[in-house]
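Asker: Have a look at this one.
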Amino acid sequence: MHTDKVAILFNPSAGKGKALRKKNQMEELLQKYDVPYDLFITQSEDDLKILAGEKSEGYKTLVGVGGDSTFNIIIDEIVKRSADVTFGMIGLGSSNDVVKEFGIDSLDKACLALKKKRTKRIDLGCIVEDNFVLRHYIGQANVGLGVFVSKHAEDMASRGSKWARLQTVAGVSGIHDAHRSQKVPLPLKIVSEKGEIHGQFILASFNNIRYWATGRLLCPEALPDDGKLDGCLIDNCSFSRFAHIALMAKKGNHIKVREVETLRSSWFTVSSDKAFEIQTDGEIVHRPDSSTQFRTVQFRILPQALTIIY
């Protein structure tokens, strides 16, 4: 056990390459704050999973460097292995909503937090189908618009579009495309501790933190340690109306409008007669067989499941 060092798992492709450009700056700050570390640069998502598993056995602290999806891949391995490790985060992704929640949304703040070693226990969300856990997550998971925006942004990047690097532009383009092609709304039945809701929804999101889509306060009262998920449901509306709601969400004022409903529960079961996909912290959820289409799925809270540095 390397008790005196932290294992840095560095995803160089995070933030569409932004992470790699900040590697030297990160190392300078770690040295400035006298943080002892071993650096491991990942080659792929599979490599990251392997490294997370291996290093959770040899180090007391793992630090993910990348975006929100990088963090989720690592914590998924930690939880699956019941590893007794503390998790640190350096956010160099496109959205960085998770590190924003914990007040470490700059390189300096994140590296200083590793020096101070202040910790807390937090909850995790998990996505379950037929009692099989597909994925754990720190931030949020959603059905509907988030899926299509994420896939649209990836498609822009794969085509080499210069706009793919601009999160807001890619997001607006993805929202417009989803409306134009009638990918939304989705007919959903949502069951929770609060009862049963049926409707045509643009978005159904189940959050462990307040933030979504690059700093919007989608669930302004969410807490990552209260044993609950916060749901935000947005009814069918036009592109222009949703754009207005998204603008209001920058300060959390969207919860006052008629198309938005919020509710809190330790679990939500979502089902539909139309197959749907799930996006969690920037990543499309896959089954072990790589399929992504679901009819019924449950979002659950795992109370006090992870110790983080913040």
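Scheme for the structure tokens: letters A, B, ... for chains in order shown; per-chain residue numbers from 1; ligand numbers from 1 in order shown.
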Can you pull out every residue within 8 Å of region 248-261 of chain A, counting only C-alpha atoms, but drop anything in the same chain fewer than 6 positions away, and send it as a list in words?
Answerer: Gly215, Arg216, Leu217, Leu218, Cys219, Pro220, Cys232, Leu233, Ile234, Asp235, Asn236 and Cys237 of chain A
Asker: Deliver the residues from the most recent selection as a file, using N, CA and C atoms, as an mmCIF file, in the first residue's frame.
Answerer:
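Okay, this is what ended up in again-v8.cif:
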```
data_model
loop_
_atom_site.group_PDB
_atom_site.id
_atom_site.type_symbol
_atom_site.label_atom_id
_atom_site.label_comp_id
_atom_site.auth_asym_id
_atom_site.auth_seq_id
_atom_site.Cartn_x
_atom_site.Cartn_y
_atom_site.Cartn_z
ATOM 1 N N GLY A 215 -23.185 24.044 -15.450
ATOM 2 C CA GLY A 215 -23.442 25.014 -14.393
ATOM 3 C C GLY A 215 -24.857 25.498 -14.212
ATOM 4 N N ARG A 216 -25.821 24.908 -14.928
ATOM 5 C CA ARG A 216 -27.210 25.309 -14.705
ATOM 6 C C ARG A 216 -27.750 24.630 -13.446
ATOM 7 N N LEU A 217 -28.476 25.399 -12.638
ATOM 8 C CA LEU A 217 -29.003 24.895 -11.370
ATOM 9 C C LEU A 217 -30.313 24.149 -11.615
ATOM 10 N N LEU A 218 -30.208 22.992 -12.229
ATOM 11 C CA LEU A 218 -31.408 22.244 -12.588
ATOM 12 C C LEU A 218 -32.193 21.832 -11.346
ATOM 13 N N CYS A 219 -31.479 21.404 -10.311
ATOM 14 C CA CYS A 219 -32.111 21.002 -9.048
ATOM 15 C C CYS A 219 -31.475 21.829 -7.927
ATOM 16 N N PRO A 220 -31.916 23.067 -7.760
ATOM 17 C CA PRO A 220 -31.234 23.997 -6.858
ATOM 18 C C PRO A 220 -31.226 23.600 -5.390
ATOM 19 N N CYS A 232 -36.142 16.386 -11.736
ATOM 20 C CA CYS A 232 -36.647 17.560 -12.445
ATOM 21 C C CYS A 232 -37.279 17.087 -13.746
ATOM 22 N N LEU A 233 -38.563 17.356 -13.898
ATOM 23 C CA LEU A 233 -39.315 16.937 -15.074
ATOM 24 C C LEU A 233 -39.750 18.165 -15.854
ATOM 25 N N ILE A 234 -39.455 18.179 -17.148
ATOM 26 C CA ILE A 234 -39.842 19.301 -17.995
ATOM 27 C C ILE A 234 -40.806 18.800 -19.062
ATOM 28 N N ASP A 235 -42.036 19.325 -19.010
ATOM 29 C CA ASP A 235 -43.088 18.906 -19.932
ATOM 30 C C ASP A 235 -42.796 19.345 -21.366
ATOM 31 N N ASN A 236 -43.548 18.761 -22.280
ATOM 32 C CA ASN A 236 -43.440 19.114 -23.686
ATOM 33 C C ASN A 236 -43.607 20.623 -23.896
ATOM 34 N N CYS A 237 -42.696 21.183 -24.668
ATOM 35 C CA CYS A 237 -42.765 22.609 -25.002
ATOM 36 C C CYS A 237 -41.941 22.853 -26.266
#
```
Asker: Which residues, written as a tab-separated table (two decimals) with C-alpha atoms, in the first residue's frame, have at least one atom at most 12 Å from Asp34 (chain A), with only C-alpha atoms counted and residues fewer than 2 positions away on the same chain left out?
Answerer:
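Done, and the output landed in around39.tsv:
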```
chain	number	residue	atom	x	y	z
A	4	ASP	CA	2.27	8.38	1.35
A	5	LYS	CA	1.20	9.04	-2.25
A	6	VAL	CA	-2.01	9.59	-4.20
A	27	GLU	CA	1.84	19.06	-12.02
A	28	GLU	CA	3.35	22.45	-11.14
A	29	LEU	CA	0.50	23.08	-8.72
A	30	LEU	CA	0.76	19.62	-7.15
A	31	GLN	CA	4.45	20.26	-6.56
A	32	LYS	CA	3.75	23.76	-5.25
A	36	PRO	CA	3.05	13.39	-3.22
A	37	TYR	CA	1.68	11.52	-6.22
A	111	CYS	CA	-4.82	20.78	-6.07
A	112	LEU	CA	-5.02	22.75	-2.82
A	113	ALA	CA	-7.84	20.44	-1.67
A	114	LEU	CA	-5.51	17.46	-2.15
A	115	LYS	CA	-2.99	19.20	0.10
A	116	LYS	CA	-5.55	19.97	2.82
```
Asker: Give me, as a Markdown table, each residue of region 191-267 of chain A that comes within 12 Å of region 280-293 of chain A, together with its shortest interatomic pair and the distance in Å at one decimal, counting only C-alpha atoms, with rows ordered by chain and rising residue number.
Answerer:
```
| residue | atom | partner | partner_atom | distance |
| --- | --- | --- | --- | --- |
| A:Ala204 | CA | A:Thr280 | CA | 11.8 |
| A:Ser205 | CA | A:Thr280 | CA | 9.3 |
| A:Phe206 | CA | A:Thr280 | CA | 9.3 |
| A:Asn207 | CA | A:Thr280 | CA | 9.6 |
| A:Asn208 | CA | A:Asp281 | CA | 10.8 |
| A:Ile209 | CA | A:Asp281 | CA | 10.8 |
| A:Tyr211 | CA | A:Asp281 | CA | 10.2 |
| A:Trp212 | CA | A:Asp281 | CA | 8.2 |
| A:Ala213 | CA | A:Asp281 | CA | 8.8 |
| A:Thr214 | CA | A:Asp281 | CA | 10.4 |
```
Asker: Only C-alpha atoms, please: the residues just picked out, written as a CSV table (one decimal), in the first residue's frame.
Answerer:
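Dumped everything to part-v7.csv:
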```csv
chain,number,residue,atom,x,y,z
A,204,ALA,CA,-36.5,13.8,-16.9
A,205,SER,CA,-33.4,14.2,-14.8
A,206,PHE,CA,-32.5,12.6,-11.5
A,207,ASN,CA,-29.8,14.5,-9.7
A,208,ASN,CA,-27.5,13.9,-6.8
A,209,ILE,CA,-26.1,17.5,-7.2
A,211,TYR,CA,-25.8,21.4,-11.4
A,212,TRP,CA,-26.5,20.2,-15.0
A,213,ALA,CA,-25.3,21.2,-18.5
A,214,THR,CA,-22.4,23.4,-17.6
```
Asker: I'd like the neighbourhood of Trp267 (chain A) as a PDB file with N, CA and C atoms, in the first residue's frame, where a residue qualifies if any of its atoms comes within 10 Å (using only C-alpha atoms), though same-chain residues fewer than 3 positions away should be ignored.
Answerer:
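Final file, result-v5.pdb:
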```
ATOM      1  N   GLY A 125     -25.720   8.115  -6.944  1.00  0.00           N
ATOM      2  CA  GLY A 125     -26.856   7.569  -7.659  1.00  0.00           C
ATOM      3  C   GLY A 125     -26.445   6.272  -8.327  1.00  0.00           C
ATOM      4  N   CYS A 126     -27.409   5.414  -8.580  1.00  0.00           N
ATOM      5  CA  CYS A 126     -27.110   4.226  -9.373  1.00  0.00           C
ATOM      6  C   CYS A 126     -28.278   3.937 -10.303  1.00  0.00           C
ATOM      7  N   ILE A 127     -27.963   3.361 -11.443  1.00  0.00           N
ATOM      8  CA  ILE A 127     -28.949   3.052 -12.478  1.00  0.00           C
ATOM      9  C   ILE A 127     -29.100   1.544 -12.531  1.00  0.00           C
ATOM     10  N   VAL A 191     -42.542   6.657 -11.464  1.00  0.00           N
ATOM     11  CA  VAL A 191     -43.056   6.257 -10.152  1.00  0.00           C
ATOM     12  C   VAL A 191     -41.971   6.523  -9.114  1.00  0.00           C
ATOM     13  N   SER A 192     -42.367   7.080  -7.981  1.00  0.00           N
ATOM     14  CA  SER A 192     -41.425   7.361  -6.897  1.00  0.00           C
ATOM     15  C   SER A 192     -42.137   7.254  -5.562  1.00  0.00           C
ATOM     16  N   GLU A 193     -41.455   7.619  -4.492  1.00  0.00           N
ATOM     17  CA  GLU A 193     -42.077   7.657  -3.170  1.00  0.00           C
ATOM     18  C   GLU A 193     -43.231   8.662  -3.126  1.00  0.00           C
ATOM     19  N   LYS A 194     -43.249   9.586  -4.076  1.00  0.00           N
ATOM     20  CA  LYS A 194     -44.276  10.629  -4.111  1.00  0.00           C
ATOM     21  C   LYS A 194     -45.517  10.221  -4.894  1.00  0.00           C
ATOM     22  N   PHE A 206     -32.522  13.049 -12.862  1.00  0.00           N
ATOM     23  CA  PHE A 206     -32.507  12.553 -11.490  1.00  0.00           C
ATOM     24  C   PHE A 206     -31.130  12.843 -10.899  1.00  0.00           C
ATOM     25  N   GLY A 227     -29.368  11.506   1.256  1.00  0.00           N
ATOM     26  CA  GLY A 227     -30.050  10.236   1.073  1.00  0.00           C
ATOM     27  C   GLY A 227     -31.196  10.263   0.084  1.00  0.00           C
ATOM     28  N   LYS A 228     -31.230  11.281  -0.775  1.00  0.00           N
ATOM     29  CA  LYS A 228     -32.308  11.421  -1.758  1.00  0.00           C
ATOM     30  C   LYS A 228     -31.738  11.838  -3.124  1.00  0.00           C
ATOM     31  N   LEU A 229     -32.488  11.490  -4.170  1.00  0.00           N
ATOM     32  CA  LEU A 229     -32.269  12.053  -5.502  1.00  0.00           C
ATOM     33  C   LEU A 229     -33.303  13.144  -5.731  1.00  0.00           C
ATOM     34  N   ASP A 230     -32.917  14.180  -6.438  1.00  0.00           N
ATOM     35  CA  ASP A 230     -33.843  15.254  -6.793  1.00  0.00           C
ATOM     36  C   ASP A 230     -34.210  15.117  -8.262  1.00  0.00           C
ATOM     37  N   GLY A 231     -35.498  14.961  -8.541  1.00  0.00           N
ATOM     38  CA  GLY A 231     -35.971  14.834  -9.906  1.00  0.00           C
ATOM     39  C   GLY A 231     -36.426  16.164 -10.466  1.00  0.00           C
ATOM     40  N   ARG A 264     -38.527  14.963  -4.814  1.00  0.00           N
ATOM     41  CA  ARG A 264     -37.397  14.317  -4.142  1.00  0.00           C
ATOM     42  C   ARG A 264     -37.817  12.935  -3.679  1.00  0.00           C
ATOM     43  N   VAL A 270     -38.617   4.618 -14.048  1.00  0.00           N
ATOM     44  CA  VAL A 270     -39.028   5.263 -15.294  1.00  0.00           C
ATOM     45  C   VAL A 270     -39.310   4.191 -16.334  1.00  0.00           C
ATOM     46  N   GLN A 298     -34.569   1.887 -13.173  1.00  0.00           N
ATOM     47  CA  GLN A 298     -34.739   2.559 -11.882  1.00  0.00           C
ATOM     48  C   GLN A 298     -33.483   3.347 -11.530  1.00  0.00           C
ATOM     49  N   PHE A 299     -33.704   4.530 -10.978  1.00  0.00           N
ATOM     50  CA  PHE A 299     -32.632   5.369 -10.454  1.00  0.00           C
ATOM     51  C   PHE A 299     -32.735   5.336  -8.931  1.00  0.00           C
ATOM     52  N   ARG A 300     -31.673   4.920  -8.267  1.00  0.00           N
ATOM     53  CA  ARG A 300     -31.685   4.769  -6.814  1.00  0.00           C
ATOM     54  C   ARG A 300     -30.554   5.580  -6.189  1.00  0.00           C
ATOM     55  N   ILE A 301     -30.721   5.888  -4.914  1.00  0.00           N
ATOM     56  CA  ILE A 301     -29.657   6.542  -4.160  1.00  0.00           C
ATOM     57  C   ILE A 301     -28.939   5.500  -3.312  1.00  0.00           C
ATOM     58  N   LEU A 302     -27.615   5.611  -3.260  1.00  0.00           N
ATOM     59  CA  LEU A 302     -26.808   4.800  -2.350  1.00  0.00           C
ATOM     60  C   LEU A 302     -26.253   5.751  -1.293  1.00  0.00           C
TER      61      LEU A 302
END
```
Asker: Can you work out which one of A:Arg81, A:Lys49, A:Lys183, A:Lys100 has the shortest atom-to-atom distance to Gly64 (chain A), counting only C-alpha atoms?
Answerer: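 Smallest separation from Gly64 (chain A) among the options: A:Lys49.
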